[in-house]
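Shown here: final-v6.cif, mmCIF, C-alpha atoms.
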data_input
#
loop_
_atom_site.group_PDB
_atom_site.id
_atom_site.type_symbol
_atom_site.label_atom_id
_atom_site.label_comp_id
_atom_site.auth_asym_id
_atom_site.auth_seq_id
_atom_site.Cartn_x
_atom_site.Cartn_y
_atom_site.Cartn_z
ATOM 1 C CA MET A 406 -61.872 140.054 160.742
ATOM 2 C CA ASN A 407 -65.549 139.467 160.034
ATOM 3 C CA ALA A 408 -66.549 136.728 157.605
ATOM 4 C CA PRO A 409 -68.289 137.944 154.438
ATOM 5 C CA VAL A 410 -72.070 137.986 154.634
ATOM 6 C CA LYS A 411 -73.584 135.013 152.821
ATOM 7 C CA ARG A 412 -76.032 136.258 150.219
ATOM 8 C CA ASN A 413 -79.418 134.689 149.546
ATOM 9 C CA TYR A 414 -79.586 134.978 145.758
ATOM 10 C CA GLN A 415 -83.092 133.528 145.560
ATOM 11 C CA LEU A 416 -84.376 136.180 147.967
ATOM 12 C CA GLU A 417 -82.663 138.888 145.923
ATOM 13 C CA LEU A 418 -84.260 137.512 142.751
ATOM 14 C CA ASP A 419 -87.664 137.424 144.448
ATOM 15 C CA ARG A 420 -87.309 141.118 145.245
ATOM 16 C CA ILE A 421 -86.478 141.923 141.624
ATOM 17 C CA THR A 422 -89.391 139.956 140.181
ATOM 18 C CA ALA A 423 -91.792 141.461 142.745
ATOM 19 C CA GLY A 424 -91.046 144.893 141.277
ATOM 20 C CA ILE A 425 -91.687 143.937 137.644
ATOM 21 C CA SER A 426 -94.866 145.197 135.968
ATOM 22 C CA PRO A 427 -96.694 142.377 134.136
ATOM 23 C CA ASP A 428 -97.584 144.902 131.416
ATOM 24 C CA LYS A 429 -93.957 145.653 130.590
ATOM 25 C CA PRO A 430 -91.715 142.582 130.976
ATOM 26 C CA PRO A 431 -87.988 143.412 130.811
ATOM 27 C CA ARG A 432 -85.866 141.759 128.128
ATOM 28 C CA LEU A 433 -83.599 139.001 129.451
ATOM 29 C CA LEU A 434 -80.783 137.255 127.597
ATOM 30 C CA LEU A 435 -80.585 133.808 129.175
ATOM 31 C CA HIS A 436 -77.453 131.763 128.596
ATOM 32 C CA SER A 437 -78.439 128.104 128.526
ATOM 33 C CA CYS A 438 -76.110 125.145 128.925
ATOM 34 C CA CYS A 439 -78.735 122.588 127.855
ATOM 35 C CA ALA A 440 -82.478 122.066 127.520
ATOM 36 C CA PRO A 441 -83.009 120.112 130.774
ATOM 37 C CA CYS A 442 -81.340 122.812 132.888
ATOM 38 C CA SER A 443 -83.257 125.550 131.081
ATOM 39 C CA SER A 444 -86.675 123.929 131.508
ATOM 40 C CA TYR A 445 -87.475 125.081 135.041
ATOM 41 C CA VAL A 446 -85.654 128.388 134.549
ATOM 42 C CA LEU A 447 -87.821 129.169 131.520
ATOM 43 C CA GLU A 448 -90.998 128.074 133.264
ATOM 44 C CA TYR A 449 -90.139 130.321 136.198
ATOM 45 C CA LEU A 450 -88.650 133.424 134.567
ATOM 46 C CA SER A 451 -91.028 133.630 131.589
ATOM 47 C CA GLN A 452 -93.681 134.767 134.072
ATOM 48 C CA TYR A 453 -91.739 138.016 134.478
ATOM 49 C CA PHE A 454 -89.407 138.485 131.492
ATOM 50 C CA SER A 455 -89.407 138.459 127.710
ATOM 51 C CA ILE A 456 -86.619 135.925 127.257
ATOM 52 C CA THR A 457 -84.171 135.142 124.495
ATOM 53 C CA VAL A 458 -82.290 131.895 125.093
ATOM 54 C CA PHE A 459 -78.643 132.175 124.062
ATOM 55 C CA TYR A 460 -76.933 128.870 123.366
ATOM 56 C CA TYR A 461 -73.200 129.501 123.634
ATOM 57 C CA ASN A 462 -71.220 126.510 124.861
ATOM 58 C CA PRO A 463 -67.805 126.115 123.201
ATOM 59 C CA ASN A 464 -66.869 123.717 126.007
ATOM 60 C CA ILE A 465 -69.114 120.921 124.716
ATOM 61 C CA TYR A 466 -67.348 117.807 123.428
ATOM 62 C CA PRO A 467 -67.668 116.296 120.884
ATOM 63 C CA GLU A 468 -69.358 118.405 118.197
ATOM 64 C CA GLU A 469 -72.089 115.765 117.801
ATOM 65 C CA GLU A 470 -72.993 116.310 121.449
ATOM 66 C CA PHE A 471 -73.107 120.070 120.855
ATOM 67 C CA ILE A 472 -75.570 119.602 117.990
ATOM 68 C CA LYS A 473 -77.706 117.145 119.970
ATOM 69 C CA ARG A 474 -78.027 119.614 122.856
ATOM 70 C CA ILE A 475 -78.877 122.513 120.539
ATOM 71 C CA ASP A 476 -81.627 120.483 118.851
ATOM 72 C CA GLU A 477 -83.128 119.585 122.235
ATOM 73 C CA GLN A 478 -83.041 123.240 123.286
ATOM 74 C CA LYS A 479 -84.948 124.313 120.182
ATOM 75 C CA ARG A 480 -87.491 121.532 120.620
ATOM 76 C CA LEU A 481 -88.155 122.446 124.232
ATOM 77 C CA ILE A 482 -88.756 126.105 123.376
ATOM 78 C CA ALA A 483 -91.151 125.075 120.599
ATOM 79 C CA GLU A 484 -93.127 122.702 122.828
ATOM 80 C CA MET A 485 -93.286 124.448 126.215
ATOM 81 C CA PRO A 486 -96.026 127.020 126.937
ATOM 82 C CA PHE A 487 -94.825 130.427 128.182
ATOM 83 C CA LYS A 488 -96.580 133.484 129.577
ATOM 84 C CA ASN A 489 -94.204 135.851 127.750
ATOM 85 C CA PRO A 490 -92.391 135.269 124.437
ATOM 86 C CA VAL A 491 -89.244 133.127 124.380
ATOM 87 C CA GLY A 492 -86.836 133.494 121.474
ATOM 88 C CA PHE A 493 -83.622 131.710 120.588
ATOM 89 C CA MET A 494 -80.108 132.683 119.477
ATOM 90 C CA GLU A 495 -77.091 130.458 119.005
ATOM 91 C CA GLU A 496 -73.422 130.810 118.277
ATOM 92 C CA GLY A 497 -71.617 128.136 116.309
ATOM 93 C CA TYR A 498 -69.220 125.527 117.550
ATOM 94 C CA HIS A 499 -66.013 127.294 118.621
ATOM 95 C CA SER A 500 -64.251 124.730 120.785
ATOM 96 C CA GLU A 501 -60.896 126.493 120.259
ATOM 97 C CA ARG A 502 -62.155 129.333 122.492
ATOM 98 C CA PHE A 503 -62.730 126.907 125.353
ATOM 99 C CA TYR A 504 -59.299 125.280 125.053
ATOM 100 C CA ALA A 505 -57.641 128.700 124.973
ATOM 101 C CA ALA A 506 -59.577 129.814 128.060
ATOM 102 C CA VAL A 507 -58.618 126.760 130.141
ATOM 103 C CA LYS A 508 -55.027 126.375 128.948
ATOM 104 C CA GLY A 509 -52.869 125.282 131.881
ATOM 105 C CA LEU A 510 -55.921 124.167 133.875
ATOM 106 C CA GLU A 511 -56.590 120.909 132.047
ATOM 107 C CA HIS A 512 -55.721 118.719 135.049
ATOM 108 C CA ILE A 513 -57.694 120.694 137.643
ATOM 109 C CA LYS A 514 -60.468 118.624 139.188
ATOM 110 C CA GLU A 515 -64.036 119.285 138.028
ATOM 111 C CA GLY A 516 -65.602 122.129 139.990
ATOM 112 C CA GLY A 517 -62.383 124.141 140.374
ATOM 113 C CA GLU A 518 -60.569 126.914 138.546
ATOM 114 C CA ARG A 519 -60.999 125.319 135.104
ATOM 115 C CA CYS A 520 -64.764 125.433 135.539
ATOM 116 C CA PHE A 521 -64.584 129.038 136.746
ATOM 117 C CA ALA A 522 -62.688 129.993 133.573
ATOM 118 C CA CYS A 523 -65.405 128.246 131.569
ATOM 119 C CA TYR A 524 -68.131 130.145 133.468
ATOM 120 C CA ARG A 525 -66.411 133.413 132.600
ATOM 121 C CA LEU A 526 -65.975 132.514 128.933
ATOM 122 C CA ARG A 527 -69.672 131.813 128.446
ATOM 123 C CA LEU A 528 -70.950 134.618 130.665
ATOM 124 C CA GLU A 529 -68.703 137.214 129.042
ATOM 125 C CA GLU A 530 -70.038 136.475 125.574
ATOM 126 C CA THR A 531 -73.583 136.642 126.989
ATOM 127 C CA ALA A 532 -72.885 139.995 128.664
ATOM 128 C CA ARG A 533 -71.295 141.390 125.518
ATOM 129 C CA LEU A 534 -74.249 140.353 123.370
ATOM 130 C CA ALA A 535 -76.794 141.580 125.931
ATOM 131 C CA ALA A 536 -75.166 145.021 125.876
ATOM 132 C CA GLU A 537 -74.929 145.046 122.085
ATOM 133 C CA LYS A 538 -78.594 144.095 121.617
ATOM 134 C CA GLY A 539 -79.978 146.351 124.358
ATOM 135 C CA PHE A 540 -81.233 143.709 126.795
ATOM 136 C CA ASP A 541 -82.231 144.830 130.290
ATOM 137 C CA TYR A 542 -80.693 141.799 132.015
ATOM 138 C CA PHE A 543 -78.565 138.742 131.349
ATOM 139 C CA THR A 544 -78.105 135.561 133.363
ATOM 140 C CA THR A 545 -77.377 131.835 133.017
ATOM 141 C CA THR A 546 -79.129 128.551 133.743
ATOM 142 C CA LEU A 547 -75.918 127.116 135.217
ATOM 143 C CA SER A 548 -76.815 127.770 138.859
ATOM 144 C CA ILE A 549 -79.610 125.177 138.702
ATOM 145 C CA SER A 550 -77.046 122.383 138.842
ATOM 146 C CA PRO A 551 -76.072 121.070 142.282
ATOM 147 C CA TYR A 552 -72.565 120.677 140.822
ATOM 148 C CA LYS A 553 -72.147 124.351 139.888
ATOM 149 C CA ASN A 554 -70.843 127.059 142.215
ATOM 150 C CA ALA A 555 -73.687 129.611 142.426
ATOM 151 C CA PRO A 556 -71.742 132.243 144.441
ATOM 152 C CA LYS A 557 -68.904 132.133 141.867
ATOM 153 C CA LEU A 558 -71.346 132.383 138.963
ATOM 154 C CA ASN A 559 -73.005 135.422 140.524
ATOM 155 C CA GLU A 560 -69.660 137.014 141.351
ATOM 156 C CA ILE A 561 -68.492 136.665 137.736
ATOM 157 C CA GLY A 562 -71.857 137.736 136.348
ATOM 158 C CA GLU A 563 -72.037 140.897 138.433
ATOM 159 C CA GLU A 564 -68.441 141.795 137.569
ATOM 160 C CA LEU A 565 -69.147 141.400 133.841
ATOM 161 C CA GLY A 566 -72.395 143.324 134.186
ATOM 162 C CA GLY A 567 -70.390 146.255 135.520
ATOM 163 C CA ILE A 568 -67.884 146.012 132.681
ATOM 164 C CA TYR A 569 -70.477 145.794 129.895
ATOM 165 C CA GLY A 570 -73.115 148.058 131.440
ATOM 166 C CA VAL A 571 -75.980 145.559 131.571
ATOM 167 C CA ARG A 572 -77.555 144.211 134.741
ATOM 168 C CA TYR A 573 -76.811 140.632 135.784
ATOM 169 C CA LEU A 574 -79.853 138.821 137.154
ATOM 170 C CA VAL A 575 -78.597 137.078 140.285
ATOM 171 C CA SER A 576 -79.835 133.558 140.808
ATOM 172 C CA ASP A 577 -79.533 130.217 142.483
ATOM 173 C CA PHE A 578 -82.083 128.302 140.463
ATOM 174 C CA LYS A 579 -81.660 125.076 142.399
ATOM 175 C CA LYS A 580 -83.594 126.766 145.236
ATOM 176 C CA LYS A 581 -87.375 126.319 145.480
ATOM 177 C CA ASN A 582 -86.820 122.726 144.295
ATOM 178 C CA GLY A 583 -85.692 124.084 140.931
ATOM 179 C CA TYR A 584 -83.418 121.161 140.127
ATOM 180 C CA LYS A 585 -86.142 118.673 141.085
ATOM 181 C CA ARG A 586 -88.626 120.496 138.878
ATOM 182 C CA SER A 587 -86.162 120.431 135.969
ATOM 183 C CA THR A 588 -85.957 116.634 136.213
ATOM 184 C CA GLU A 589 -89.773 116.425 136.220
ATOM 185 C CA LEU A 590 -90.008 118.629 133.126
ATOM 186 C CA SER A 591 -87.261 116.635 131.422
ATOM 187 C CA GLU A 592 -89.316 113.484 131.920
ATOM 188 C CA GLN A 593 -92.521 115.210 130.829
ATOM 189 C CA TYR A 594 -90.986 116.373 127.544
ATOM 190 C CA GLY A 595 -88.881 113.259 126.987
ATOM 191 C CA MET A 596 -85.674 115.268 126.921
ATOM 192 C CA TYR A 597 -82.222 113.883 126.360
ATOM 193 C CA ARG A 598 -80.236 114.245 129.601
ATOM 194 C CA GLN A 599 -76.479 113.896 129.265
ATOM 195 C CA ASN A 600 -74.465 112.179 132.024
ATOM 196 C CA TYR A 601 -71.527 114.619 132.042
ATOM 197 C CA CYS A 602 -71.234 118.389 132.199
ATOM 198 C CA GLY A 603 -70.076 118.803 128.640
ATOM 199 C CA CYS A 604 -66.326 119.208 128.178
ATOM 200 C CA VAL A 605 -63.856 116.457 127.359
ATOM 201 C CA PHE A 606 -62.359 116.721 130.861
ATOM 202 C CA SER A 607 -65.720 116.198 132.587
ATOM 203 C CA MET A 608 -66.362 113.251 130.263
ATOM 204 C CA GLN A 609 -63.032 111.690 131.187
ATOM 205 C CA GLU A 610 -63.676 112.226 134.893
ATOM 206 C CA ARG A 611 -67.141 110.681 134.640
ATOM 207 C CA ASN A 612 -65.766 107.675 132.717
ATOM 208 C CA LEU A 613 -63.176 107.103 135.468
ATOM 209 C CA GLN A 614 -65.934 107.140 138.087
#
Would you write the structure of this file as structure tokens?
Amino acid sequence: MNAPVKRNYQLELDRITAGISPDKPPRLLLHSCCAPCSSYVLEYLSQYFSITVFYYNPNIYPEEEFIKRIDEQKRLIAEMPFKNPVGFMEEGYHSERFYAAVKGLEHIKEGGERCFACYRLRLEETARLAAEKGFDYFTTTLSISPYKNAPKLNEIGEELGGIYGVRYLVSDFKKKNGYKRSTELSEQYGMYRQNYCGCVFSMQERNLQ
């Protein structure tokens, strides 16, 4: 049995952006986990798309952390220059949705099935909203992190795109030194960078380390 072909998501994204007319940028709903991760993604994708950042992260713990990250996201959008417009949408703090989504997976190590359920939770709401509001594409900043599973994110995103009828923009934003650039931009804009992914389980795991 042949092994599945490994996809180059950055190359696929390059092909998509190469076909975009600068006079008519498509509308992209970009799920963002935090301002630092979004910085390079916004710098990069705003050359091609009219972007609305969607902050939907019911996994974040505690609520004070959620608010701190939202404030940093708004500040970054206000201060960064973009070729095409960048808007912002948020959904309130609904931590109960996260706990329902990961029920039974609480003790799974970071990076496993609990995280995949969290990916799906956030991507599904993004896909639903993108379809409702008539966006051309949706995607997430999550693949910029070296700790996130880009193939799984793209698999879930493409599946949800098929369900909701809106195209998922494949990505692996850590390529082209994307993660490195995000750290440079974070320093440039004096951004708050958290030391754990966001949920109470990732906080506990980081504290143990």
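Residue membership of the PyMOL selection byres ((chain A and resi 445) around 10) in the shown file amounts to Ala440, Pro441, Cys442, Ser443, Ser444, Val446, Leu447, Glu448, Tyr449, Leu450, Ser451, Thr546, Ile549, Phe578, Lys579, Asn582, Gly583, Tyr584, Lys585, Arg586, Ser587, Thr588, Glu589, Leu590 and Ser591 of chain A.
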Would you mind exporting the chosen residues as a PDB file, keeping the file's coordinate frame, restricted to C-alpha atoms?
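Done, and the output landed in selection.pdb:
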ATOM      1  CA  ALA A 440     -82.478 122.066 127.520  1.00  0.00           C
ATOM      2  CA  PRO A 441     -83.009 120.112 130.774  1.00  0.00           C
ATOM      3  CA  CYS A 442     -81.340 122.812 132.888  1.00  0.00           C
ATOM      4  CA  SER A 443     -83.257 125.550 131.081  1.00  0.00           C
ATOM      5  CA  SER A 444     -86.675 123.929 131.508  1.00  0.00           C
ATOM      6  CA  VAL A 446     -85.654 128.388 134.549  1.00  0.00           C
ATOM      7  CA  LEU A 447     -87.821 129.169 131.520  1.00  0.00           C
ATOM      8  CA  GLU A 448     -90.998 128.074 133.264  1.00  0.00           C
ATOM      9  CA  TYR A 449     -90.139 130.321 136.198  1.00  0.00           C
ATOM     10  CA  LEU A 450     -88.650 133.424 134.567  1.00  0.00           C
ATOM     11  CA  SER A 451     -91.028 133.630 131.589  1.00  0.00           C
ATOM     12  CA  THR A 546     -79.129 128.551 133.743  1.00  0.00           C
ATOM     13  CA  ILE A 549     -79.610 125.177 138.702  1.00  0.00           C
ATOM     14  CA  PHE A 578     -82.083 128.302 140.463  1.00  0.00           C
ATOM     15  CA  LYS A 579     -81.660 125.076 142.399  1.00  0.00           C
ATOM     16  CA  ASN A 582     -86.820 122.726 144.295  1.00  0.00           C
ATOM     17  CA  GLY A 583     -85.692 124.084 140.931  1.00  0.00           C
ATOM     18  CA  TYR A 584     -83.418 121.161 140.127  1.00  0.00           C
ATOM     19  CA  LYS A 585     -86.142 118.673 141.085  1.00  0.00           C
ATOM     20  CA  ARG A 586     -88.626 120.496 138.878  1.00  0.00           C
ATOM     21  CA  SER A 587     -86.162 120.431 135.969  1.00  0.00           C
ATOM     22  CA  THR A 588     -85.957 116.634 136.213  1.00  0.00           C
ATOM     23  CA  GLU A 589     -89.773 116.425 136.220  1.00  0.00           C
ATOM     24  CA  LEU A 590     -90.008 118.629 133.126  1.00  0.00           C
ATOM     25  CA  SER A 591     -87.261 116.635 131.422  1.00  0.00           C
TER      26      SER A 591
END
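Between Asp419 (chain A) and the candidates A:Asn612, A:Lys581, A:Tyr594, A:Ser607, the tightest atom-to-atom separation, counting all atoms listed in the file, involves A:Lys581.
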Taking 2 positions as the minimum chain separation for residues in the same chain, which residues sit within 9 Å of Val507 (chain A) when counting all atoms listed in the file? Answer as a VMD selection string. chain A and resid 502 to 505 509 to 511 518 to 520 522 to 523
Write a file of the just-selected residues containing C-alpha atoms, as a tab-separated table (two decimals), keeping the file's coordinate frame.
chain	number	residue	atom	x	y	z
A	502	ARG	CA	-62.16	129.33	122.49
A	503	PHE	CA	-62.73	126.91	125.35
A	504	TYR	CA	-59.30	125.28	125.05
A	505	ALA	CA	-57.64	128.70	124.97
A	509	GLY	CA	-52.87	125.28	131.88
A	510	LEU	CA	-55.92	124.17	133.88
A	511	GLU	CA	-56.59	120.91	132.05
A	518	GLU	CA	-60.57	126.91	138.55
A	519	ARG	CA	-61.00	125.32	135.10
A	520	CYS	CA	-64.76	125.43	135.54
A	522	ALA	CA	-62.69	129.99	133.57
A	523	CYS	CA	-65.40	128.25	131.57
Would you kindly return, as a ChimeraX atom specification, each protein, DNA or RNA residue with an atom no farther than 12 Å from any atom of Ser576 (chain A), considering all atoms listed in the file and excluding same-chain residues fewer than 3 positions away? /A:412-422,435,446,449-450,543-550,554-560,562-563,573,579-581,583
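Coordinates place CA of Tyr461 (chain A) at a distance of 12.8 Å from CA of Ala535 (chain A).
Here CA of Cys439 (chain A) and CA of Arg474 (chain A) stand 5.9 Å from one another.
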Enumerate, as a PyMOL selection string, the residues matched when the PyMOL selection byres ((chain A and resi 493) around 9) is run on the file above. chain A and resi 456-460+478-479+482+491-492+494-495
Place a sphere of radius 7 Å on (-70.1, 128.5, 122.0) in the file coordinates and name every protein, DNA or RNA residue with an atom inside or on its surface, counting all atoms listed in the file; give the answer as a ChimeraX atom specification. /A:460-463,496-499
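Residues matched by the PyMOL selection byres ((chain A and resi 599) around 12) in this file are Cys438, Cys439, Ala440, Pro441, Cys442, Ile465, Tyr466, Glu470, Phe471, Lys473, Arg474, Glu477, Ser591, Met596, Tyr597, Arg598, Asn600, Tyr601, Cys602, Gly603, Cys604, Ser607, Met608 and Arg611 of chain A.
Atom pair CA of Glu515 (chain A) / CA of Ile472 (chain A): separated by 23.1 Å.
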Pick out the closest residue to Leu434 (chain A) from this set: A:Gln609, A:Ser455, A:Asn489, A:Ser500. Count only C-alpha atoms. A:Ser455
Excluding Arg572 (chain A) and any residue of its chain fewer than 4 positions from it, enumerate the residues within 7 Å of it, using only C-alpha atoms, and give them as a ChimeraX atom specification. /A:541-543,566
